[in-house]
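As provided, start24.tsv (TSV, C-alpha atoms) reads as follows.
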```
chain	number	residue	atom	x	y	z
K	468	MET	CA	78.90	3.12	21.18
K	469	LEU	CA	80.28	-0.29	20.40
K	470	SER	CA	83.94	-0.92	19.64
K	471	GLU	CA	85.36	-2.29	16.40
K	472	ASP	CA	86.00	-5.55	18.26
K	473	ASP	CA	82.31	-5.68	19.23
K	474	GLY	CA	81.43	-5.18	15.57
K	475	LYS	CA	83.77	-7.98	14.49
K	476	TYR	CA	82.23	-10.22	17.13
K	477	LEU	CA	78.68	-9.51	15.88
K	478	LEU	CA	79.77	-10.09	12.27
K	479	LYS	CA	81.31	-13.44	13.27
K	480	VAL	CA	78.09	-14.44	15.06
K	481	ALA	CA	75.95	-13.38	12.07
K	482	ARG	CA	78.13	-15.43	9.69
K	483	GLU	CA	78.00	-18.46	11.98
K	484	ALA	CA	74.20	-18.10	12.34
K	485	ILE	CA	73.68	-18.05	8.58
K	486	GLU	CA	76.14	-20.83	7.78
K	487	THR	CA	74.70	-23.10	10.47
K	488	TYR	CA	71.13	-22.43	9.39
K	489	VAL	CA	71.80	-22.89	5.67
K	490	LYS	CA	73.90	-26.06	6.16
K	491	GLU	CA	72.11	-27.69	9.12
K	492	ASN	CA	68.67	-25.99	9.24
K	493	ARG	CA	69.12	-25.03	12.88
K	494	LYS	CA	69.49	-21.82	14.83
K	495	ILE	CA	72.67	-21.31	16.85
K	496	ASP	CA	72.62	-20.62	20.57
K	497	ILE	CA	73.92	-17.38	22.02
K	498	PRO	CA	77.68	-17.90	22.32
K	499	SER	CA	78.84	-18.53	25.89
K	500	ASP	CA	81.51	-15.83	25.51
K	501	CYS	CA	78.96	-13.12	24.65
K	502	PRO	CA	79.58	-9.99	26.76
K	503	ASN	CA	76.61	-8.87	28.87
K	504	TYR	CA	76.44	-5.43	27.22
K	505	LEU	CA	75.64	-7.13	23.88
K	506	LYS	CA	72.51	-8.47	25.60
K	507	GLU	CA	71.12	-4.93	25.91
K	508	ASN	CA	67.97	-4.31	23.85
K	509	LEU	CA	69.01	-2.51	20.64
K	510	GLY	CA	67.70	-2.33	17.09
K	511	VAL	CA	69.86	-3.95	14.43
K	512	PHE	CA	69.85	-4.75	10.72
K	513	VAL	CA	71.92	-7.39	8.97
K	514	THR	CA	72.67	-6.72	5.31
K	515	LEU	CA	74.06	-9.30	2.92
K	516	ASN	CA	75.74	-8.32	-0.34
K	517	LYS	CA	77.00	-10.51	-3.13
K	518	ASN	CA	79.20	-9.05	-5.89
K	519	ASN	CA	78.42	-5.55	-4.52
K	520	GLN	CA	74.69	-6.17	-4.98
K	521	LEU	CA	72.11	-6.40	-2.21
K	522	ARG	CA	71.34	-10.05	-1.41
K	523	GLY	CA	69.22	-9.60	1.73
K	524	CYS	CA	68.53	-7.10	4.48
K	525	ILE	CA	66.31	-7.62	7.50
K	526	GLY	CA	66.32	-6.33	11.03
K	527	TYR	CA	64.60	-4.85	14.01
K	528	PRO	CA	64.18	-1.05	13.94
K	529	GLU	CA	63.07	-0.92	17.57
K	530	PRO	CA	65.10	-2.06	20.58
K	531	VAL	CA	62.74	-4.92	21.49
K	532	PHE	CA	65.24	-7.80	21.77
K	533	PRO	CA	68.75	-8.20	23.16
K	534	LEU	CA	71.25	-7.18	20.48
K	535	ILE	CA	72.86	-10.62	20.26
K	536	ASP	CA	69.47	-12.34	19.79
K	537	ALA	CA	68.31	-9.75	17.27
K	538	THR	CA	71.58	-10.17	15.34
K	539	ILE	CA	71.16	-13.95	15.09
K	540	GLU	CA	67.49	-13.67	14.06
K	541	SER	CA	68.15	-10.86	11.57
K	542	ALA	CA	71.07	-12.70	9.99
K	543	ILE	CA	69.01	-15.83	9.40
K	544	SER	CA	66.06	-13.78	8.14
K	545	ALA	CA	68.27	-11.77	5.75
K	546	ALA	CA	69.51	-15.05	4.30
K	547	ILE	CA	66.23	-16.92	3.98
K	548	ARG	CA	63.23	-14.64	4.64
K	549	ASP	CA	63.82	-11.44	2.65
K	550	PRO	CA	60.87	-11.58	0.24
K	551	ARG	CA	62.86	-9.76	-2.45
K	552	PHE	CA	65.27	-12.66	-2.87
K	553	TYR	CA	65.38	-16.44	-3.01
K	554	GLU	CA	66.97	-18.20	-0.02
K	555	VAL	CA	70.76	-18.12	0.25
K	556	GLN	CA	72.20	-21.43	-0.90
K	557	GLU	CA	75.19	-23.23	0.58
K	558	ASN	CA	77.29	-22.62	-2.56
K	559	GLU	CA	76.85	-18.84	-2.05
K	560	LEU	CA	78.12	-18.65	1.52
K	561	ASP	CA	81.75	-17.87	0.63
K	562	SER	CA	80.72	-15.02	-1.70
K	563	LEU	CA	78.62	-13.07	0.82
K	564	ASP	CA	79.72	-9.80	2.39
K	565	TYR	CA	78.19	-9.00	5.77
K	566	GLU	CA	77.18	-5.64	7.19
K	567	ILE	CA	75.62	-5.00	10.58
K	568	THR	CA	73.99	-1.71	11.52
K	569	VAL	CA	73.27	-1.23	15.22
K	570	LEU	CA	70.54	1.38	15.64
K	571	THR	CA	69.71	4.08	18.13
K	572	LYS	CA	66.09	4.34	19.27
K	573	PRO	CA	64.00	6.11	16.58
K	574	LYS	CA	62.89	9.66	17.47
K	575	LEU	CA	59.87	11.40	16.03
K	576	ILE	CA	60.89	14.46	13.98
K	577	GLU	CA	58.57	17.21	15.17
K	578	VAL	CA	57.99	20.00	12.64
K	579	SER	CA	55.49	22.84	12.25
K	580	LYS	CA	55.11	22.16	8.52
K	581	PRO	CA	56.14	19.07	6.52
K	582	LEU	CA	58.71	20.91	4.38
K	583	ASP	CA	60.71	21.43	7.59
K	584	TYR	CA	61.55	17.70	7.58
K	585	LEU	CA	64.14	18.41	4.90
K	586	GLU	CA	66.10	20.67	7.26
K	587	ASN	CA	66.05	18.02	10.00
K	588	ILE	CA	67.57	15.13	8.03
K	589	ILE	CA	71.35	14.74	7.99
K	590	ILE	CA	72.37	12.68	4.98
K	591	GLY	CA	74.88	9.99	5.87
K	592	GLU	CA	74.00	10.20	9.56
K	593	ASP	CA	70.24	9.72	9.83
K	594	GLY	CA	68.14	6.76	8.84
K	595	LEU	CA	64.41	7.30	8.37
K	596	ILE	CA	61.15	5.62	9.25
K	597	VAL	CA	57.94	6.85	7.63
K	598	GLU	CA	54.68	5.76	9.20
K	599	LYS	CA	51.10	6.42	8.15
K	600	GLY	CA	48.32	4.25	9.51
K	601	PHE	CA	49.29	0.63	8.95
K	602	TYR	CA	52.03	1.58	6.49
K	603	LYS	CA	55.62	1.74	7.67
K	604	GLY	CA	58.93	1.88	5.81
K	605	LEU	CA	62.55	2.20	6.87
K	606	LEU	CA	65.78	3.10	5.11
K	607	LEU	CA	69.14	2.80	6.87
K	608	PRO	CA	71.48	5.82	7.16
K	609	GLN	CA	73.90	4.46	4.54
K	610	VAL	CA	71.22	4.22	1.82
K	611	ALA	CA	71.14	7.94	1.00
K	612	PRO	CA	74.89	8.45	0.42
K	613	GLU	CA	75.28	5.09	-1.33
K	614	ASN	CA	72.57	6.17	-3.82
K	615	ASP	CA	73.54	9.86	-3.99
K	616	MET	CA	70.20	11.01	-2.54
K	617	ASP	CA	69.41	14.40	-1.08
K	618	ALA	CA	66.99	14.77	1.86
K	619	GLU	CA	63.89	15.01	-0.34
K	620	GLU	CA	64.81	11.94	-2.38
K	621	PHE	CA	65.63	10.04	0.81
K	622	ILE	CA	62.31	10.79	2.52
K	623	SER	CA	60.43	10.10	-0.74
K	624	HIS	CA	62.11	6.70	-1.15
K	625	THR	CA	61.30	5.90	2.48
K	626	CYS	CA	57.64	6.60	1.68
K	627	LEU	CA	57.85	4.24	-1.30
K	628	LYS	CA	59.41	1.57	0.94
K	629	ALA	CA	56.34	1.98	3.20
K	630	GLY	CA	54.04	1.34	0.25
K	631	LEU	CA	52.98	4.99	0.10
K	632	ARG	CA	53.16	7.62	-2.61
K	633	PRO	CA	56.55	9.36	-2.65
K	634	ASP	CA	55.03	12.65	-1.49
K	635	ALA	CA	53.11	11.10	1.45
K	636	TRP	CA	55.56	12.81	3.84
K	637	LEU	CA	53.85	16.12	3.00
K	638	GLU	CA	50.57	14.92	4.55
K	639	ARG	CA	49.87	15.92	8.15
K	640	ASP	CA	48.95	12.40	9.32
K	641	THR	CA	52.30	10.96	8.21
K	642	GLU	CA	54.92	10.60	10.93
K	643	VAL	CA	58.64	10.68	10.20
K	644	TYR	CA	61.22	9.30	12.62
K	645	LYS	CA	64.99	9.40	12.43
K	646	PHE	CA	67.66	7.25	13.97
K	647	GLN	CA	71.39	6.75	13.68
K	648	GLY	CA	73.32	3.59	13.06
K	649	GLN	CA	76.77	2.28	13.82
K	650	ILE	CA	77.91	0.27	10.81
K	651	PHE	CA	80.25	-2.72	10.88
K	652	LYS	CA	81.46	-4.47	7.71
```
As structure tokens - that is how I would like this structure written.
Amino acid sequence: MLSEDDGKYLLKVAREAIETYVKENRKIDIPSDCPNYLKENLGVFVTLNKNNQLRGCIGYPEPVFPLIDATIESAISAAIRDPRFYEVQENELDSLDYEITVLTKPKLIEVSKPLDYLENIIIGEDGLIVEKGFYKGLLLPQVAPENDMDAEEFISHTCLKAGLRPDAWLERDTEVYKFQGQIFK
């Protein structure tokens, strides 16, 4: 678990990464004051909101990069590489709200029948990854409560995010993973 101060630090780094990239078209270096434990490999997502509307959200679901590196990369990507939005412009920087979600390692939910998934999802605590073949979709833990979803709606929307039919989670060759996230705003 990270502290609130760690969260504030990551938010500051994400803001600096985006502002520097948007204004100067360059990536920042890892700050020299970065604590070693923030260099541990962890998954992370950076979410940008503007006027309480999503403006960008990109991250790493798997712990494949040091958290500080993944935060910098995800922040820049959320600002300029989210295919759902045009690139963040310099005149928008002051109106952005930042959110960072640091993720636990995803765990496969093992069930005897697909309907059992619904009993294994804790709304507001679990995020989901649905995977089938080359298709993969992820929704963060905060998505379900923010959109008043129950477990079935949440898993169905995760299927849609993967590019699958909403009931693809009922098929035996679909894998469902869950993870938790620590959210900093």
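Distance annotation: of K:Asp640, K:Asp593, K:Glu554, K:Glu598, the residue with the minimal separation from Pro581 of chain K is K:Asp640; atom set is all atoms listed in the file.
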Test item: axis-aligned box, all listed atoms of segment 478-485 of chain K, 8 Å on each side, centre and edges in Å rounded to one decimal, as JSON:
```
{"center_x": 77.5, "center_y": -14.3, "center_z": 11.8, "size_x": 23.6, "size_y": 24.4, "size_z": 22.5}
```
Q: Tell me which protein, DNA and RNA residues are within 10 Å of Glu577 of chain K, counting all atoms listed in the file, leaving out same-chain ones fewer than 4 positions away, and put them as a list in words.
A: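 The filter keeps Pro581, Asp583, Tyr584, Asn587, Glu642, Val643 and Tyr644 of chain K.
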(Q) As an exercise, work out the distance from atom CA of Leu505 of chain K to atom CA of Arg522 of chain K in Å and give it to one decimal place. (A)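 Distance between the two atoms: 25.8 Å.
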Could you list, as a compact mmCIF listing (two decimals) with C-alpha atoms, in the coordinates of the input, every residue within 10 Å of Asn516 of chain K, counting all atoms listed in the file and ignoring same-chain residues fewer than 3 positions away?
```txt
# COMPACT_ATOMS: atom_id res chain seq x y z
CA ASN K 519 78.42 -5.55 -4.52
CA GLN K 520 74.69 -6.17 -4.98
CA LEU K 521 72.11 -6.40 -2.21
CA ARG K 522 71.34 -10.05 -1.41
CA GLY K 523 69.22 -9.60 1.73
CA CYS K 524 68.53 -7.10 4.48
CA SER K 562 80.72 -15.02 -1.70
CA LEU K 563 78.62 -13.07 0.82
CA ASP K 564 79.72 -9.80 2.39
CA TYR K 565 78.19 -9.00 5.77
CA GLU K 566 77.18 -5.64 7.19
```
(Q) Just checking: using all atoms listed in the file, which residue out of K:Ser579, K:Glu491, K:Leu607, K:Ile485 ends up closest to Gly526 of chain K? (A) K:Leu607
Q. Which polymer residues have any atom within 8 Å of an atom of Phe532 of chain K, counting only C-alpha atoms, with same-chain residues fewer than 5 positions away left out, as a ChimeraX atom specification?
A. /K:507-510,537
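Note that the spacing between atom CA of Gly600 of chain K and atom CA of Lys580 of chain K amounts to 19.2 Å.
Reported to one decimal place, the separation of atom CA of Leu595 of chain K from atom CA of Ala629 of chain K is 11.0 Å.
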Q: Just the residues within 9 Å of Thr641 of chain K, please, counting all atoms listed in the file, with nothing from its chain fewer than 2 positions along; format it as a PyMOL selection string.
A: chain K and resi 597-600+635-639+643
Q | Who sits within 10 Å of Leu570 of chain K, only C-alpha atoms, same chain under 3 positions skipped, as a list in words | A | Leu509, Gly510, Val511, Phe512, Gly526, Tyr527, Pro528, Glu529, Pro530, Leu534, Ile567, Pro573, Gly594, Leu607, Pro608, Phe646, Gln647, Gly648, Gln649 and Ile650 of chain K
In the coordinates of the file, take the point (80.8, -20.2, 22.5) and a cut-off of 12 Å; then, counting all atoms listed in the file, name each qualifying protein, DNA or RNA residue as a compact mmCIF listing (two decimals) with C-alpha atoms, in the frame of the given file.
```txt
# COMPACT_ATOMS: atom_id res chain seq x y z
CA TYR K 476 82.23 -10.22 17.13
CA LYS K 479 81.31 -13.44 13.27
CA VAL K 480 78.09 -14.44 15.06
CA GLU K 483 78.00 -18.46 11.98
CA ILE K 495 72.67 -21.31 16.85
CA ASP K 496 72.62 -20.62 20.57
CA ILE K 497 73.92 -17.38 22.02
CA PRO K 498 77.68 -17.90 22.32
CA SER K 499 78.84 -18.53 25.89
CA ASP K 500 81.51 -15.83 25.51
CA CYS K 501 78.96 -13.12 24.65
CA PRO K 502 79.58 -9.99 26.76
```
Q: Counting only C-alpha atoms, figure out which residue out of K:Ala545, K:Ala484, K:Leu477, K:Ile622 gets nearest to Leu585 of chain K.
A: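 Selected residue with least distance to Leu585 of chain K: K:Ile622.
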